[in-house]
Amino acid sequence: MHLSRRTFGALSLAALAPAMAACTGQSNLGTGGGDGDDKPIVSCYNGSGAGFTANFNPHSASVLSMVQGLIYEPLFYYNPLTAIDAEPVPQLGETFAWNEDGTALTVTVRSGVTWSDGTAFTANDVAFTFNRVKDTPALNGSGKAPSAEATDETTVVITYPAPSFVEGPNALGRTWIIPEHLFADVADLATDANEEPVGTGPFVLSDFTAESYLLGANESYWEEGKPAIGGVRVISLSGNQSATDKWLAGEIDYMSTAIPDLDTHVASNPDLSYTNTGTSQAALFAASNPELGCEGPQTDVAVRQALYYGMDREQLSKLAFFDLGTDISPAFALPERDKEFIDPSIELAPWNADAARAEQILQDAGYAKGGDGIYAKDGVRVSMTVSCPTGWTDFVTALDTLTQQYSQIGIELIPQQVSVNEWNDAKSKGTFQLVIDSVGQGPAPDPFYPYHTFFGTDSTVPVGENGNPYQNSARFSDPEVDAALEVAAGTDDPEVKKQQYFIIQKKIVAAMPYIPLLIGSSLTEYNSSKVTGWPTAEDLYAYPMSWSAPDNAQVLKTVTPA
């Protein structure tokens with residue numbers, strides 16, 4: 001592609017996992033305990049506070065953290081912090097090339113790789129993976145997934161029904177290759193729990209409980225000398241505060257969690273460090289589409305617009321995001337990185353509340369304030385529940401702050417803390433009114449990916465059906481947006497893409513199914529007492545967030561014993 005050649009310093013990947021994920025260990029797992037003998041076990045916390053359910057299927061929406069990339073690998077790794085035209089890092093693939101019209105992608109795969117059960121990996125496994133995804137309705141809701149054919153043991157041709165240049169990073173970097181000899185008889189690739197995973201990745205499953213699971217080093221991994229650690233222990237905790245306490249006590253090595261006063265902690269302990277990529281587009285996700293079954297006051301665009309203008313983002317940044325929040329665009333493109341691709345008529349979200357404008361919007365839409373100070377229309381009060389996972393202190397504080405702010409303009413917000421599983425299940429099925437979450441950026445620094453993931457009709461399902469909780473949970477659907485996405489997907493011309501993005505932006509700003517808060521901090525914390533080689537601001541060799549796949553695999557197979 002021919003977008004900016006700049007190297008971008010930050011990018012959020014919450015689409016694929018917009019939850020706060022990281023890593024922690026148990027007290028008996030400081031070293032050893034896995035397949036790595038005396039090599040250290042890296043402890044990780046992934047944001048789970050309700051315990052784990054065994055699901056090691058990389059194509060399942062409820063797959064456990066650290067499976068994608070660590071056990072099941074993609075063909076290439078795209079570092080989203082580099083320029084859009086930077087070459088990806090070969091993984092199971094070695095080379096790739098598009099045909100002229102962007103409908104066929106030919107990939108040469110790595111030879112000499114084996115699955116962790118000793119079976120040889122070939123191009124047939126790659127073709128099988130793509131074809132099973134294509135033939136699984138829950139994974140191919142749009143019907144546009146590619147087919148694939150292995151032309152020999154090391155070559156596969158991936159074919160699309162239409163020009164699909166923008167699908168390259170997804171196909172090459174976000175399709176988790178599975179073994180044909182073990183998945184051929186799996187009835188439903190979207191739901192099978194795959195409790196005995198066999199992958200090509202740097203780690204293998206060593207043990208599992210509801211409280212923690214251990215991924216031990218894959219001793220037959222194809223990349224010589226990697227991983228250098230003995231394994232990765234992922235555990236469940238009650239929330240950010242518990243994770244913070246354990247990190248400060250040296251019991252967590254790698255996590256991405258909101259922690260106040262990080263500089264103070266780091267200054268007092270030379271083993272502690274952190275990075276901040278600061279591009280997480282936090283928003284209130286509204287179940288906004290009554291035609292797809294959404295219910296509640298938030299289905300009225302006037303209510304969503306009132307929420308947008310009634311929000312004091314400066315106060316939110318100070319109270320909930322450690323004063324690290326920055327301006328966000330309602331176009332949901334990054335203001336600095338994507339400024340050439342944002343319609344100049346679209347202003348940044350107001351930093352301070354405009355209470356008069358918010359109330360006027362409601363009044364113009366026929367709402368009147370009741371005796372309790374809350375607006376209502378046709379007997380229905382503007383009162384909505386909003387949820388976030390238990391213990392996610394930044395989001396919890398943000399919701400408490402918003403509750404106070406909105407009460408001053410006649411809107412009642414009812415915050416709820418739920419488990420991560422409940423939060424994701426509600427987004428998946430559309431059984432919520434509002435949730436707080438982040439709009440992720442996708443596999444490469446191009447606004448196409450958040451637009452397709454969060455605003456495309458083929459990225460959502462009617463309320464009650466199981467959709468992907470990290471995609472269009474707002475149930476937004478607009479034929480003009482879908483048409484613009486189709487044009488943008490079929491071109492490598494930045495000017496054509498820009499014009500299509502302007503169409504999309506005007507539509508989503510008017511509808512506002514996702515009400516932007518601010519661009520918050522994206523903090524990742526490390527402990528170097530056992531292992532070193534973590535990403536730094538000077539060397540972001542991978543997107544550092546511990547919950548982000550397959551970026552966390554790049555980190556965990558790069559670190560070495562201290």
# chains A, B, ... in the order shown; residues from 1 in each chain; ligands from 1
>>> select_by_dssp(residues="range 86-265 of chain A", states="alpha helix (DSSP H)", output="JSON, numbers by chain")
{"A": [123, 124, 125, 126, 127, 128, 129, 130, 131, 132, 133, 134, 168, 169, 170, 171, 172, 173, 180, 181, 182, 183, 240, 241, 242, 243, 244, 245, 246, 247, 248, 262, 263, 264, 265]}
>>> select_by_dssp(residues="range 119-368 of chain A", states="strand (DSSP E)", output="PyMOL selection string")
chain A and resi 147-152+155-159+203-208+212-217+231-235+254-255+272-276+280-286+368
>>> write_last_selection(atoms="C-alpha atoms", output="compact mmCIF listing (two decimals), in the first residue's frame")
# COMPACT_ATOMS: atom_id res chain seq x y z
CA SER A 147 -10.68 -20.30 -0.31
CA ALA A 148 -7.24 -21.86 -0.54
CA GLU A 149 -5.40 -24.56 -2.44
CA ALA A 150 -2.05 -26.17 -1.73
CA THR A 151 -0.30 -26.49 -5.08
CA ASP A 152 2.59 -28.41 -3.49
CA THR A 155 2.96 -23.42 -1.65
CA VAL A 156 -0.61 -22.31 -1.04
CA VAL A 157 -2.76 -19.97 -3.12
CA ILE A 158 -5.41 -18.00 -1.20
CA THR A 159 -8.18 -16.79 -3.49
CA PHE A 203 4.72 -23.07 23.68
CA VAL A 204 2.56 -26.11 24.48
CA LEU A 205 -0.08 -26.71 27.13
CA SER A 206 1.50 -28.25 30.24
CA ASP A 207 -1.27 -28.03 32.83
CA PHE A 208 -4.64 -26.37 33.35
CA SER A 212 -4.23 -20.86 36.22
CA TYR A 213 -2.68 -22.63 33.28
CA LEU A 214 0.91 -23.24 32.23
CA LEU A 215 2.22 -23.11 28.69
CA GLY A 216 5.59 -24.88 28.67
CA ALA A 217 8.37 -24.33 26.14
CA GLY A 231 7.15 -21.36 29.99
CA VAL A 232 4.34 -18.92 30.66
CA ARG A 233 1.96 -19.14 33.61
CA VAL A 234 -1.36 -17.29 33.21
CA ILE A 235 -3.51 -16.80 36.31
CA TYR A 254 4.34 -9.22 32.32
CA MET A 255 0.94 -7.53 32.27
CA LEU A 272 10.36 -2.73 37.25
CA SER A 273 9.68 -0.92 33.98
CA TYR A 274 6.82 -0.09 31.65
CA THR A 275 5.87 1.16 28.20
CA ASN A 276 2.94 3.37 27.20
CA SER A 280 -6.54 3.08 23.07
CA GLN A 281 -9.75 4.70 21.76
CA ALA A 282 -12.02 4.34 24.76
CA ALA A 283 -15.75 4.65 24.12
CA LEU A 284 -19.22 3.86 25.37
CA PHE A 285 -20.52 1.09 23.11
CA ALA A 286 -24.27 1.47 22.64
CA ALA A 368 -38.91 16.48 28.99
>>> atom_distance(atom1="CA of Ala333 in chain A", atom2="CA of Ala484 in chain A")
15.6 Å
>>> residues_around(residues="range 287-290 of chain A", least_positions_apart="3", cutoff="6 Å", atoms="only C-alpha atoms", output="compact mmCIF listing (two decimals) with C-alpha atoms, in the first residue's frame")
# COMPACT_ATOMS: atom_id res chain seq x y z
CA GLY A 293 -33.33 -6.14 18.23
CA CYS A 294 -31.58 -3.58 20.45
CA THR A 299 -31.27 3.23 20.60
CA GLN A 433 -27.52 -1.10 26.84
CA ALA A 474 -23.21 -1.89 18.66
CA ARG A 475 -25.10 -3.61 15.81
CA PRO A 513 -23.15 4.01 17.88
>>> residues_around(residues="range 464-471 of chain A", least_positions_apart="4", cutoff="12 Å", atoms="only C-alpha atoms", output="ChimeraX atom specification")
/A:13-19,59-63,137-141,190-191,285,292-295,420-432,435,437-442,449-460,475-476,514
>>> closest_residue(among="A:Thr209, A:Thr390, A:Thr385, A:Gln305", to="Glu195 in chain A", atoms="only C-alpha atoms")
A:Thr209
>>> residues_around(residues="Lys246 in chain A", least_positions_apart="4", cutoff="12 Å", atoms="only C-alpha atoms", output="list in words")
Cys23, Thr24, Gly25, Gln26, Ser27, Ser43, Cys44, Tyr45, Ile235, Leu237, Ser238, Gly239, Asn240, Gln241, Ser242, Gly250, Glu251, Ile252, Asp253, Tyr254, Met255, Thr257, Glu525, Tyr526 and Asn527 of chain A
>>> residues_around(residues="Gly520 in chain A", least_positions_apart="2", cutoff="8 Å", atoms="only C-alpha atoms", output="list in words")
Gly278, Thr279, Ser280, Gln281, Ala282, Ser317, Phe321, Leu324, Gly325, Thr326, Leu518 and Ser522 of chain A
>>> closest_residue(among="A:Ser48, A:Ile177, A:Ala355, A:Trp222", to="Ser111 in chain A", atoms="only C-alpha atoms")
A:Trp222
>>> closest_atom_pairs(of="range 437-488 of chain A", to="range 86-96 of chain A", cutoff="12 Å", atoms="only C-alpha atoms", output="Markdown table")
| residue | atom | partner | partner_atom | distance |
| --- | --- | --- | --- | --- |
| A:Pro443 | CA | A:Pro88 | CA | 10.9 |
| A:Ala444 | CA | A:Ala86 | CA | 9.9 |
| A:Pro445 | CA | A:Ala86 | CA | 10.7 |
>>> residues_around(residues="Gly366 in chain A", least_positions_apart="5", cutoff="10 Å", atoms="only C-alpha atoms", output="CSV table (one decimal) with C-alpha atoms, in the first residue's frame")
chain,number,residue,atom,x,y,z
A,302,ALA,CA,-30.5,11.9,20.3
A,360,GLN,CA,-31.1,21.0,24.0
A,361,ILE,CA,-30.6,17.9,21.8
A,375,TYR,CA,-35.4,13.3,31.1
A,376,ALA,CA,-38.2,11.0,29.8
A,377,LYS,CA,-40.2,10.5,26.6
A,378,ASP,CA,-43.4,8.5,26.2
>>> decode(residues="range 187-229 of chain A", atoms="N, CA and C atoms", output="short mmCIF file (atom, residue, chain, number, x, y, z; two decimals), in the first residue's frame")
data_model
loop_
_atom_site.label_atom_id
_atom_site.label_comp_id
_atom_site.auth_asym_id
_atom_site.auth_seq_id
_atom_site.Cartn_x
_atom_site.Cartn_y
_atom_site.Cartn_z
N ALA A 187 -16.63 -30.98 14.28
CA ALA A 187 -17.92 -30.64 13.68
C ALA A 187 -18.08 -29.14 13.45
N ASP A 188 -17.71 -28.33 14.44
CA ASP A 188 -17.92 -26.88 14.35
C ASP A 188 -16.66 -26.18 14.81
N LEU A 189 -15.94 -25.60 13.88
CA LEU A 189 -14.67 -24.94 14.20
C LEU A 189 -14.87 -23.74 15.12
N ALA A 190 -16.06 -23.15 15.11
CA ALA A 190 -16.30 -21.96 15.93
C ALA A 190 -16.55 -22.27 17.39
N THR A 191 -16.94 -23.49 17.71
CA THR A 191 -17.36 -23.80 19.08
C THR A 191 -16.56 -24.90 19.76
N ASP A 192 -15.83 -25.69 19.03
CA ASP A 192 -15.07 -26.79 19.63
C ASP A 192 -14.06 -26.24 20.63
N ALA A 193 -13.97 -26.85 21.82
CA ALA A 193 -13.10 -26.32 22.88
C ALA A 193 -11.64 -26.73 22.71
N ASN A 194 -11.36 -27.77 21.94
CA ASN A 194 -9.98 -28.17 21.63
C ASN A 194 -9.13 -28.23 22.91
N GLU A 195 -9.55 -29.08 23.85
CA GLU A 195 -8.92 -29.09 25.17
C GLU A 195 -7.53 -29.70 25.19
N GLU A 196 -7.11 -30.35 24.12
CA GLU A 196 -5.76 -30.90 24.03
C GLU A 196 -5.08 -30.31 22.81
N PRO A 197 -4.64 -29.05 22.90
CA PRO A 197 -4.13 -28.35 21.72
C PRO A 197 -2.80 -28.90 21.22
N VAL A 198 -2.67 -28.94 19.92
CA VAL A 198 -1.43 -29.31 19.25
C VAL A 198 -1.13 -28.24 18.22
N GLY A 199 -0.06 -27.46 18.43
CA GLY A 199 0.25 -26.37 17.53
C GLY A 199 1.68 -26.42 17.05
N THR A 200 2.07 -25.38 16.31
CA THR A 200 3.45 -25.24 15.87
C THR A 200 4.18 -24.18 16.67
N GLY A 201 3.51 -23.52 17.59
CA GLY A 201 4.04 -22.35 18.27
C GLY A 201 5.14 -22.63 19.28
N PRO A 202 5.69 -21.58 19.86
CA PRO A 202 6.81 -21.73 20.80
C PRO A 202 6.44 -22.35 22.14
N PHE A 203 5.14 -22.52 22.40
CA PHE A 203 4.72 -23.07 23.68
C PHE A 203 3.65 -24.15 23.48
N VAL A 204 3.56 -25.04 24.48
CA VAL A 204 2.56 -26.11 24.48
C VAL A 204 1.86 -26.11 25.83
N LEU A 205 0.66 -26.63 25.87
CA LEU A 205 -0.08 -26.71 27.13
C LEU A 205 0.55 -27.75 28.04
N SER A 206 0.90 -27.33 29.27
CA SER A 206 1.50 -28.25 30.24
C SER A 206 0.53 -28.63 31.35
N ASP A 207 -0.24 -27.68 31.86
CA ASP A 207 -1.27 -28.03 32.83
C ASP A 207 -2.34 -26.95 32.83
N PHE A 208 -3.51 -27.31 33.35
CA PHE A 208 -4.64 -26.37 33.35
C PHE A 208 -5.50 -26.59 34.58
N THR A 209 -5.87 -25.48 35.24
CA THR A 209 -6.91 -25.47 36.27
C THR A 209 -7.76 -24.22 36.04
N ALA A 210 -8.83 -24.12 36.77
CA ALA A 210 -9.69 -22.94 36.64
C ALA A 210 -8.99 -21.68 37.15
N GLU A 211 -7.95 -21.85 37.97
CA GLU A 211 -7.24 -20.70 38.54
C GLU A 211 -6.04 -20.27 37.71
N SER A 212 -5.41 -21.21 37.00
CA SER A 212 -4.23 -20.86 36.22
C SER A 212 -3.94 -21.96 35.21
N TYR A 213 -3.15 -21.61 34.21
CA TYR A 213 -2.68 -22.63 33.28
C TYR A 213 -1.25 -22.30 32.87
N LEU A 214 -0.50 -23.37 32.57
CA LEU A 214 0.91 -23.24 32.23
C LEU A 214 1.13 -23.66 30.79
N LEU A 215 1.77 -22.79 30.02
CA LEU A 215 2.22 -23.11 28.69
C LEU A 215 3.74 -23.32 28.77
N GLY A 216 4.16 -24.57 28.59
CA GLY A 216 5.59 -24.88 28.67
C GLY A 216 6.28 -24.65 27.34
N ALA A 217 7.60 -24.54 27.37
CA ALA A 217 8.37 -24.33 26.14
C ALA A 217 8.21 -25.52 25.21
N ASN A 218 8.02 -25.25 23.93
CA ASN A 218 7.96 -26.28 22.89
C ASN A 218 9.40 -26.61 22.50
N GLU A 219 9.89 -27.76 22.96
CA GLU A 219 11.30 -28.11 22.75
C GLU A 219 11.63 -28.38 21.29
N SER A 220 10.60 -28.60 20.46
CA SER A 220 10.85 -28.87 19.04
C SER A 220 10.46 -27.68 18.17
N TYR A 221 10.42 -26.48 18.75
CA TYR A 221 10.00 -25.30 18.00
C TYR A 221 10.97 -25.02 16.85
N TRP A 222 10.45 -24.58 15.73
CA TRP A 222 11.23 -24.43 14.50
C TRP A 222 12.26 -23.29 14.56
N GLU A 223 12.04 -22.27 15.40
CA GLU A 223 12.96 -21.14 15.45
C GLU A 223 14.07 -21.43 16.46
N GLU A 224 15.26 -21.64 15.97
CA GLU A 224 16.37 -22.09 16.80
C GLU A 224 16.63 -21.14 17.97
N GLY A 225 16.76 -21.75 19.15
CA GLY A 225 17.08 -20.99 20.34
C GLY A 225 15.88 -20.34 21.02
N LYS A 226 14.71 -20.50 20.44
CA LYS A 226 13.51 -19.90 21.02
C LYS A 226 12.48 -20.98 21.33
N PRO A 227 11.69 -20.80 22.38
CA PRO A 227 11.83 -19.73 23.38
C PRO A 227 12.97 -20.03 24.34
N ALA A 228 13.50 -18.97 24.93
CA ALA A 228 14.62 -19.13 25.86
C ALA A 228 14.14 -19.34 27.29
N ILE A 229 12.84 -19.12 27.52
CA ILE A 229 12.28 -19.29 28.86
C ILE A 229 11.62 -20.66 28.97
#
